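Visitor: protein05.pdb (PDB, C-alpha atoms) pasted underneath:
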MODEL        1
ATOM      1  CA  MET O1493     -92.702-110.899 187.232
ATOM      2  CA  LYS O1494     -90.602-107.845 186.503
ATOM      3  CA  THR O1495     -92.475-104.576 186.098
ATOM      4  CA  ARG O1496     -91.701-102.891 182.788
ATOM      5  CA  LYS O1497     -90.213 -99.455 183.255
ATOM      6  CA  THR O1498     -91.678 -96.607 181.273
ATOM      7  CA  VAL O1499     -88.954 -94.811 179.373
ATOM      8  CA  ILE O1500     -89.480 -91.118 180.022
ATOM      9  CA  ALA O1501     -85.996 -89.857 180.660
ATOM     10  CA  VAL O1502     -84.472 -87.189 178.505
ATOM     11  CA  LEU O1503     -80.821 -88.100 178.051
ATOM     12  CA  ALA O1504     -78.219 -85.618 179.138
ATOM     13  CA  LEU O1505     -75.863 -84.957 176.262
ATOM     14  CA  LEU O1506     -72.792 -83.968 178.196
ATOM     15  CA  VAL O1507     -70.124 -83.091 175.708
ATOM     16  CA  MET O1508     -70.340 -81.895 172.170
ATOM     17  CA  ILE O1509     -67.193 -81.093 170.265
ATOM     18  CA  ALA O1510     -67.104 -79.814 166.721
ATOM     19  CA  LEU O1511     -63.725 -79.132 165.187
ATOM     20  CA  PRO O1512     -62.868 -78.286 161.610
ATOM     21  CA  LEU O1513     -60.845 -80.929 159.758
ATOM     22  CA  THR O1514     -60.288 -78.713 156.739
ATOM     23  CA  ALA O1515     -61.866 -75.474 155.594
ATOM     24  CA  ALA O1516     -64.886 -77.461 154.385
ATOM     25  CA  GLU O1517     -65.143 -80.426 156.793
ATOM     26  CA  MET O1518     -65.521 -80.978 160.524
ATOM     27  CA  VAL O1519     -65.791 -83.797 163.020
ATOM     28  CA  ALA O1520     -68.576 -83.738 165.627
ATOM     29  CA  ARG O1521     -68.626 -85.844 168.788
ATOM     30  CA  TRP O1522     -71.614 -86.160 171.117
ATOM     31  CA  SER O1523     -71.305 -87.939 174.502
ATOM     32  CA  TRP O1524     -73.873 -88.985 177.087
ATOM     33  CA  GLU O1525     -73.990 -90.701 180.478
ATOM     34  CA  LEU O1526     -74.591 -94.429 180.786
ATOM     35  CA  ASP O1527     -76.770 -93.821 183.836
ATOM     36  CA  ASP O1528     -79.303 -96.671 183.554
ATOM     37  CA  PRO O1529     -78.056-100.281 183.466
ATOM     38  CA  ASP O1530     -81.452-101.521 182.191
ATOM     39  CA  VAL O1531     -81.125 -99.709 178.840
ATOM     40  CA  THR O1532     -80.590-102.306 176.102
ATOM     41  CA  VAL O1533     -80.169-100.099 173.035
ATOM     42  CA  TYR O1534     -79.791 -96.504 171.843
ATOM     43  CA  ARG O1535     -80.810 -95.073 168.495
ATOM     44  CA  TYR O1536     -79.994 -91.800 166.771
ATOM     45  CA  GLN O1537     -80.406 -89.726 163.654
ATOM     46  CA  LEU O1538     -79.243 -86.354 162.459
ATOM     47  CA  ASP O1539     -81.533 -83.423 161.764
ATOM     48  CA  GLY O1540     -84.892 -85.123 162.265
ATOM     49  CA  GLU O1541     -87.001 -87.901 163.710
ATOM     50  CA  ASP O1542     -88.096 -89.836 160.626
ATOM     51  CA  PRO O1543     -89.636 -93.152 161.793
ATOM     52  CA  ASP O1544     -87.493 -95.040 159.256
ATOM     53  CA  GLY O1545     -84.315 -92.991 159.692
ATOM     54  CA  TRP O1546     -82.946 -94.337 162.995
ATOM     55  CA  THR O1547     -79.588 -96.060 163.442
ATOM     56  CA  GLU O1548     -79.152 -98.260 166.527
ATOM     57  CA  LEU O1549     -76.181 -98.310 168.877
ATOM     58  CA  SER O1550     -75.136-100.782 171.557
ATOM     59  CA  ALA O1551     -76.272-100.012 175.115
ATOM     60  CA  ASP O1552     -72.649 -99.783 176.267
ATOM     61  CA  THR O1553     -71.897 -96.965 173.797
ATOM     62  CA  ASN O1554     -71.724 -93.502 175.331
ATOM     63  CA  TYR O1555     -70.684 -91.394 172.360
ATOM     64  CA  LEU O1556     -71.156 -90.860 168.652
ATOM     65  CA  GLU O1557     -68.497 -89.320 166.428
ATOM     66  CA  MET O1558     -69.120 -88.271 162.849
ATOM     67  CA  THR O1559     -66.451 -87.047 160.442
ATOM     68  CA  GLY O1560     -66.545 -85.348 157.072
ATOM     69  CA  LEU O1561     -69.441 -83.071 157.999
ATOM     70  CA  ASP O1562     -69.828 -79.746 156.214
ATOM     71  CA  SER O1563     -68.273 -77.122 158.520
ATOM     72  CA  THR O1564     -70.623 -74.401 157.252
ATOM     73  CA  LYS O1565     -73.724 -76.237 158.566
ATOM     74  CA  GLU O1566     -75.180 -77.065 161.962
ATOM     75  CA  TYR O1567     -76.098 -80.662 162.790
ATOM     76  CA  THR O1568     -78.690 -81.692 165.350
ATOM     77  CA  LEU O1569     -78.431 -85.129 166.941
ATOM     78  CA  TYR O1570     -81.629 -86.831 168.114
ATOM     79  CA  LEU O1571     -80.889 -89.642 170.558
ATOM     80  CA  GLN O1572     -83.302 -92.082 172.188
ATOM     81  CA  ARG O1573     -82.928 -95.099 174.465
ATOM     82  CA  SER O1574     -84.967 -98.220 175.067
ATOM     83  CA  TYR O1575     -85.289-101.065 177.559
ATOM     84  CA  ASP O1576     -86.696-103.506 175.031
ATOM     85  CA  GLY O1577     -85.880-102.193 171.538
ATOM     86  CA  ILE O1578     -89.589-101.561 170.919
ATOM     87  CA  HIS O1579     -90.568 -98.682 173.195
ATOM     88  CA  TRP O1580     -88.359 -95.579 172.974
ATOM     89  CA  SER O1581     -87.751 -92.552 175.154
ATOM     90  CA  ALA O1582     -88.355 -89.016 174.032
ATOM     91  CA  SER O1583     -85.400 -87.664 172.076
ATOM     92  CA  ALA O1584     -82.516 -85.864 173.673
ATOM     93  CA  VAL O1585     -81.476 -83.138 171.234
ATOM     94  CA  CYS O1586     -78.129 -81.397 170.822
ATOM     95  CA  THR O1587     -76.798 -79.225 167.989
ATOM     96  CA  ALA O1588     -73.189 -79.085 166.824
ATOM     97  CA  LYS O1589     -71.558 -76.421 164.714
ATOM     98  CA  ALA O1590     -67.936 -75.848 163.826
ATOM     99  CA  SER O1591     -65.914 -73.588 166.041
ATOM    100  CA  ALA O1592     -62.929 -71.719 164.745
ATOM    101  CA  GLU O1593     -59.749 -73.581 165.521
ATOM    102  CA  GLU O1594     -57.324 -71.292 167.246
ATOM    103  CA  GLN O1595     -54.018 -70.689 165.527
ATOM    104  CA  PRO O1596     -51.252 -69.878 168.010
ATOM    105  CA  ASN O1597     -48.929 -66.928 167.557
ATOM    106  CA  VAL O1598     -45.386 -68.322 167.259
ATOM    107  CA  ARG O1599     -42.433 -66.033 167.918
ATOM    108  CA  ILE O1600     -38.746 -66.843 167.655
ATOM    109  CA  TYR O1601     -36.252 -64.903 169.751
ATOM    110  CA  ARG O1602     -32.494 -65.104 169.115
ATOM    111  CA  TYR O1603     -29.651 -63.998 171.366
ATOM    112  CA  ALA O1604     -25.931 -64.818 171.252
ATOM    113  CA  GLY O1605     -26.418 -67.820 168.978
ATOM    114  CA  TYR O1606     -29.311 -69.231 171.047
ATOM    115  CA  GLU O1607     -32.940 -69.451 170.058
ATOM    116  CA  MET O1608     -36.135 -69.425 172.102
ATOM    117  CA  LYS O1609     -39.501 -70.324 170.621
ATOM    118  CA  ALA O1610     -42.698 -68.942 172.176
ATOM    119  CA  THR O1611     -46.010 -70.539 171.159
ATOM    120  CA  ILE O1612     -48.670 -68.084 172.332
ATOM    121  CA  ALA O1613     -52.254 -69.317 172.606
ATOM    122  CA  THR O1614     -55.317 -68.205 174.535
ATOM    123  CA  GLY O1615     -54.536 -68.560 178.229
ATOM    124  CA  LYS O1616     -51.166 -70.257 177.758
ATOM    125  CA  THR O1617     -47.702 -69.755 176.271
ATOM    126  CA  VAL O1618     -45.152 -72.520 175.862
ATOM    127  CA  LEU O1619     -41.511 -71.424 175.884
ATOM    128  CA  GLU O1620     -38.884 -73.723 174.360
ATOM    129  CA  TYR O1621     -35.199 -72.854 174.727
ATOM    130  CA  PRO O1622     -31.750 -74.504 174.867
ATOM    131  CA  ALA O1623     -31.286 -76.625 177.963
ATOM    132  CA  VAL O1624     -30.345 -74.507 180.958
ATOM    133  CA  SER O1625     -30.330 -75.037 184.707
ATOM    134  CA  GLU O1626     -33.888 -75.074 186.080
ATOM    135  CA  ASP O1627     -32.598 -73.095 189.074
ATOM    136  CA  LEU O1628     -31.431 -70.348 186.712
ATOM    137  CA  VAL O1629     -34.811 -70.258 184.960
ATOM    138  CA  GLU O1630     -36.552 -70.161 188.337
ATOM    139  CA  GLU O1631     -34.353 -67.238 189.409
ATOM    140  CA  PHE O1632     -35.094 -65.357 186.154
ATOM    141  CA  PHE O1633     -38.863 -65.755 186.525
ATOM    142  CA  THR O1634     -38.697 -64.732 190.183
ATOM    143  CA  LEU O1635     -36.875 -61.508 189.272
ATOM    144  CA  GLU O1636     -39.277 -60.794 186.398
ATOM    145  CA  ASN O1637     -42.230 -61.366 188.712
ATOM    146  CA  GLU O1638     -40.795 -58.862 191.179
ATOM    147  CA  ARG O1639     -40.078 -56.353 188.405
ATOM    148  CA  TYR O1640     -43.411 -56.553 186.562
ATOM    149  CA  GLY O1641     -45.812 -58.025 189.141
ATOM    150  CA  LEU O1642     -46.702 -60.934 186.894
ATOM    151  CA  GLY O1643     -48.406 -62.833 189.694
ATOM    152  CA  ASP O1644     -50.641 -59.838 190.376
ATOM    153  CA  LEU O1645     -51.677 -59.953 186.708
ATOM    154  CA  GLY O1646     -52.701 -63.609 186.985
ATOM    155  CA  VAL O1647     -49.594 -64.968 185.257
ATOM    156  CA  VAL O1648     -48.339 -68.291 186.593
ATOM    157  CA  TYR O1649     -45.205 -69.993 185.303
ATOM    158  CA  SER O1650     -44.194 -73.615 185.558
ATOM    159  CA  ILE O1651     -40.863 -75.062 184.513
ATOM    160  CA  GLU O1652     -41.572 -78.247 182.589
ATOM    161  CA  ASP O1653     -37.960 -79.394 182.262
ATOM    162  CA  SER O1654     -34.523 -77.978 181.472
ATOM    163  CA  ASP O1655     -35.614 -76.710 178.043
ATOM    164  CA  SER O1656     -39.220 -75.571 178.408
ATOM    165  CA  ALA O1657     -41.563 -73.582 180.583
ATOM    166  CA  VAL O1658     -45.270 -72.764 180.454
ATOM    167  CA  LEU O1659     -46.879 -69.440 181.281
ATOM    168  CA  THR O1660     -50.603 -69.493 182.021
ATOM    169  CA  TYR O1661     -52.751 -66.387 182.338
ATOM    170  CA  LEU O1662     -56.293 -65.097 182.018
ATOM    171  CA  GLU O1663     -57.963 -66.019 178.732
ATOM    172  CA  THR O1664     -59.066 -62.397 178.373
ATOM    173  CA  TYR O1665     -55.488 -61.403 177.523
ATOM    174  CA  THR O1666     -55.128 -61.190 173.751
ATOM    175  CA  LYS O1667     -52.282 -63.013 172.044
ATOM    176  CA  GLU O1668     -51.001 -59.650 170.837
ATOM    177  CA  ALA O1669     -50.868 -58.245 174.393
ATOM    178  CA  VAL O1670     -49.121 -61.380 175.634
ATOM    179  CA  ALA O1671     -46.582 -61.112 172.784
ATOM    180  CA  ALA O1672     -45.850 -57.478 173.698
ATOM    181  CA  GLU O1673     -45.282 -58.411 177.355
ATOM    182  CA  LEU O1674     -43.145 -61.361 176.346
ATOM    183  CA  ASP O1675     -41.015 -59.011 174.215
ATOM    184  CA  GLU O1676     -40.324 -57.021 177.420
ATOM    185  CA  LEU O1677     -39.281 -60.152 179.306
ATOM    186  CA  VAL O1678     -37.005 -61.272 176.481
ATOM    187  CA  ARG O1679     -35.244 -57.878 176.493
ATOM    188  CA  ASP O1680     -34.238 -58.610 180.091
ATOM    189  CA  ILE O1681     -32.537 -61.928 179.246
ATOM    190  CA  PRO O1682     -29.202 -60.440 178.068
ATOM    191  CA  VAL O1683     -28.984 -58.316 181.217
ATOM    192  CA  PHE O1684     -29.794 -61.273 183.443
ATOM    193  CA  PHE O1685     -27.269 -63.619 181.853
ATOM    194  CA  SER O1686     -24.441 -61.064 181.533
TER     195      SER O1686
ENDMDL
END
Take the structure in the file and give it back as structure tokens.

Guide:
Amino acid sequence: MKTRKTVIAVLALLVMIALPLTAAEMVARWSWELDDPDVTVYRYQLDGEDPDGWTELSADTNYLEMTGLDSTKEYTLYLQRSYDGIHWSASAVCTAKASAEEQPNVRIYRYAGYEMKATIATGKTVLEYPAVSEDLVEEFFTLENERYGLGDLGVVYSIEDSDSAVLTYLETYTKEAVAAELDELVRDIPVFFS
């Protein structure tokens, strides 16, 4: 005879993402670990624990995603699990609210009929330019690093292919400060390629 387990675990809600879909709507996603193979069913509800308000989920489900939520409100997920569908654990509780979606700063640089696009975001800038030898790009970044000490400032570059490179840096650098530094680097391009 199998001994019935008492369900006392509080579920660990690992990941909660809330992103705006539009100015008025968001999508929220809650995830949890499937850490007990004897669980047969989960149940959840938003913003309360009404005895008649639960919705059940399969035991092999480890996330819940809801769309069309009002981005000006917070939503609290209550999640329980059961071994038999009759007795339920205490609720794990996690609140989601919309976070501002970052808009990158996009700059276009033109020189001698060529164009370079810089998409500046928090912690990362993607540079897109006409195809050029990766060795030449490597040489340019090496010289710029020597000139400005970029590595000492936490800036790391990687050449993705012949027409793009990525600069990563500390997230504490504002997009405006990164743009100003990038302007300095771009001023050196004509000298380098002349």

Visitor: Around all listed atoms of stretch 1594-1607 of chain O, padded 6 Å per side, what centre and edge lengths does the axis-aligned box have in Å to one decimal, as AutoDock Vina command-line options?

Guide:
--center_x -41.6 --center_y -67.6 --center_z 168.4 --size_x 43.4 --size_y 19.3 --size_z 17.8

Visitor: Do you have the atom CA of O:Phe1633-atom CA of O:Leu1659 distance handy?

Guide: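 For atom CA of O:Phe1633 relative to atom CA of O:Leu1659, the distance reads 10.3 Å.
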
Visitor: Pick from O:Asp1562, O:Asp1527, O:Glu1607, O:Asp1675: nearest to O:Lys1589, with all atoms listed in the file counted?

Guide: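 Answer, going by the shortest atom-to-atom distance: O:Asp1562.
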
Visitor: Just say which residues the PyMOL selection byres ((chain O and resi 1610) around 7) picks in this file, as a CSV table (one decimal) with C-alpha atoms, in the coordinates of the input.

Guide:
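result-v4.csv, written as the output of this step:
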chain,number,residue,atom,x,y,z
O,1598,VAL,CA,-45.4,-68.3,167.3
O,1599,ARG,CA,-42.4,-66.0,167.9
O,1600,ILE,CA,-38.7,-66.8,167.7
O,1608,MET,CA,-36.1,-69.4,172.1
O,1609,LYS,CA,-39.5,-70.3,170.6
O,1611,THR,CA,-46.0,-70.5,171.2
O,1612,ILE,CA,-48.7,-68.1,172.3
O,1617,THR,CA,-47.7,-69.8,176.3
O,1618,VAL,CA,-45.2,-72.5,175.9
O,1619,LEU,CA,-41.5,-71.4,175.9
O,1620,GLU,CA,-38.9,-73.7,174.4

Visitor: For the structure shown, which residues end up in the PyMOL selection byres ((chain O and resi 1578) around 12)? Put them as a list of chain:residue names, please?

Guide: O:Thr1498, O:Val1499, O:Val1531, O:Thr1532, O:Val1533, O:Tyr1534, O:Arg1535, O:Glu1548, O:Gln1572, O:Arg1573, O:Ser1574, O:Tyr1575, O:Asp1576, O:Gly1577, O:His1579, O:Trp1580, O:Ser1581

Visitor: Taking all atoms listed in the file into account, which of O:Glu1525, O:Thr1564, O:Leu1569, O:Val1683 comes nearest O:Asp1552?

Guide: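 The shortest atom-to-atom distance to O:Asp1552 comes from O:Glu1525.
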
Visitor: Between atom CA of O:Asp1680 and atom CA of O:Asp1644, what is the distance, to one decimal in Å?

Guide: 19.4 Å

Visitor: Neighbourhood query: residues within 6 Å of (-41.6, -72.5, 180.4), file coordinates, counting only C-alpha atoms; return as a ChimeraX atom specification.

Guide: /O:1618-1619,1650-1651,1656-1658

Visitor: Just to be explicit: take each residue in the selection above, keep C-alpha atoms, and write the result as a PDB file, in the coordinates of the input.

Guide:
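Printed below is again-v5.pdb as written:
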ATOM      1  CA  VAL O1618     -45.152 -72.520 175.862  1.00  0.00           C
ATOM      2  CA  LEU O1619     -41.511 -71.424 175.884  1.00  0.00           C
ATOM      3  CA  SER O1650     -44.194 -73.615 185.558  1.00  0.00           C
ATOM      4  CA  ILE O1651     -40.863 -75.062 184.513  1.00  0.00           C
ATOM      5  CA  SER O1656     -39.220 -75.571 178.408  1.00  0.00           C
ATOM      6  CA  ALA O1657     -41.563 -73.582 180.583  1.00  0.00           C
ATOM      7  CA  VAL O1658     -45.270 -72.764 180.454  1.00  0.00           C
TER       8      VAL O1658
END

Visitor: What residues come out when you apply the PyMOL selection byres ((chain O and resi 1565) around 10) to this file, written as a PyMOL selection string?

Guide: chain O and resi 1516-1518+1561-1564+1566-1567+1588-1590

Visitor: Which residue is closest to O:Arg1639? Choose from O:Asp1627, O:Gly1560, O:Leu1677, O:Glu1668 and count only C-alpha atoms.

Guide: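 Between O:Asp1627, O:Gly1560, O:Leu1677, O:Glu1668, the residue approaching O:Arg1639 most closely is O:Leu1677.
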
Visitor: So, with only C-alpha atoms as the atoms that count, which of O:Asp1655, O:Glu1663, O:Glu1557, O:Glu1541 lies closest to O:Ala1584?

Guide: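 Counting only C-alpha atoms, the residue closest to O:Ala1584 is O:Glu1541.
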
Visitor: What is the atom CA of O:Phe1684 to atom CA of O:Glu1626 distance in Å?

Guide: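 Taking atom CA of O:Phe1684 and atom CA of O:Glu1626, their separation equals 14.6 Å.
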
Visitor: Counting only C-alpha atoms, which residue out of O:Ile1681, O:Ala1672, O:Leu1556, O:Val1647 sits closest to O:Arg1602?

Guide: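 Smallest separation from O:Arg1602 among the options: O:Ile1681.
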
Visitor: Between O:Pro1529, O:Tyr1601, O:Glu1630, O:Tyr1621, which residue has the minimum interatomic distance to O:Glu1676, considering only C-alpha atoms?

Guide: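 Going through O:Pro1529, O:Tyr1601, O:Glu1630, O:Tyr1621 one by one, the smallest distance to O:Glu1676 is for O:Tyr1601.
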